[in-house]
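Okay, structure first, notes after.
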Amino acid sequence: MVEYDYVTKKRDEVDPLPERGIGLIRFFLKRVSKLQVMVYRCSGGRLMSRFLGGFPVCIITTKGARSGARRRFPLIHLPLGEKKLLVASMGGMDKMPSWYYNIAANPEVQIMVDGAEKTYNARRVSDREKAALWPHICSLYPDYDEYQARTDRNIPVFECTEV
């Protein structure tokens, strides 16, 4: 069991994901994500601009790692001054989200916030940088702390700088 000093939650304080429900969770997330991307983009960021709990959404557009096709995903909007942060948490599941592989292969991404889309270069932060950023990340979306506590996977964080 891996624990990180900067994570305030401990594994025994969080509920594990139900093994039998992971496939259903992924199926649901994929369908809802596609709908959210479509509605958000068509409305210029006015509709479906928040996740449950009121957390703001951004839409990232990546280039497929294998296909080269454009792929869009809704994520929690995590501003850091003029930069953006992306957290590949997938709710603390043991697998990386598909967009992680796209960005790892092609770090140029578009990020849409409030209907405005800009191009960024994404860079995976080091473990030391992640530890320093963690309080800020969790101040914007506290559940990330639980997600990291839930998994042995070191959840990657990307820092995106506008091109």
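Labels used: A, B, ... for chains in the order of the structure tokens, numbers from 1 for residues in each chain, and numbers from 1 for ligands as shown.
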Tell me, counting only C-alpha atoms, for each residue of stretch 68-147 of chain A within 9 Å of stretch 17-32 of chain A, which pair of atoms is nearest and how far apart they are in Å to one decimal, in rows ordered by chain and increasing number, as CSV.
```
residue,atom,partner,partner_atom,distance
A:Gly91,CA,A:Leu17,CA,8.8
A:Gly92,CA,A:Leu17,CA,8.2
A:Met93,CA,A:Leu17,CA,7.5
```
- Which of stretch 99-151 of chain A counts as strand (DSSP E or B) under DSSP, as a list in words please? Glu108, Val109, Gln110, Ile111, Met112, Val113, Ala116, Glu117, Lys118, Thr119, Tyr120, Asn121, Ala122, Arg123 and Arg124 of chain A
- Closest to A:Asn102 among A:Ser67, A:Asp114, A:Met90, A:Glu129, using only C-alpha atoms?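 Going through A:Ser67, A:Asp114, A:Met90, A:Glu129 one by one, the smallest distance to A:Asn102 is for A:Ser67.
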- Query: Near stretch 41-49 of chain A, counting only C-alpha atoms, which residues have an atom at most 7 Å away, once you skip same-chain residues fewer than 6 positions from it, shown as a PyMOL selection string?
  - Reply: chain A and resi 56-57+113-115
- Task: Tell me which of A:Ala116, A:Cys138, A:Cys58, A:Ile103 sits closest to A:Tyr6, counting only C-alpha atoms.
- Result: A:Cys138
- Name the residues in contact with A:Ser139 at a cut-off of 12 Å, using only C-alpha atoms, excluding same-chain residues fewer than 3 positions from it; report them as a PyMOL selection string. chain A and resi 55+78-80+133-136+142-145
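Restricting the calculation to only C-alpha atoms, the smallest distance between A:Tyr147 and any of A:Thr8, A:Thr161, A:Ser89, A:Thr61 is found for A:Ser89.
By chain and then residue number, the residues within 8 Å of A:Val157 are A:Leu85, A:Leu86, A:Val87, A:Ala88, A:Arg124, A:Val125, A:Lys130, counting only C-alpha atoms and disregarding those fewer than 5 positions away in sequence.
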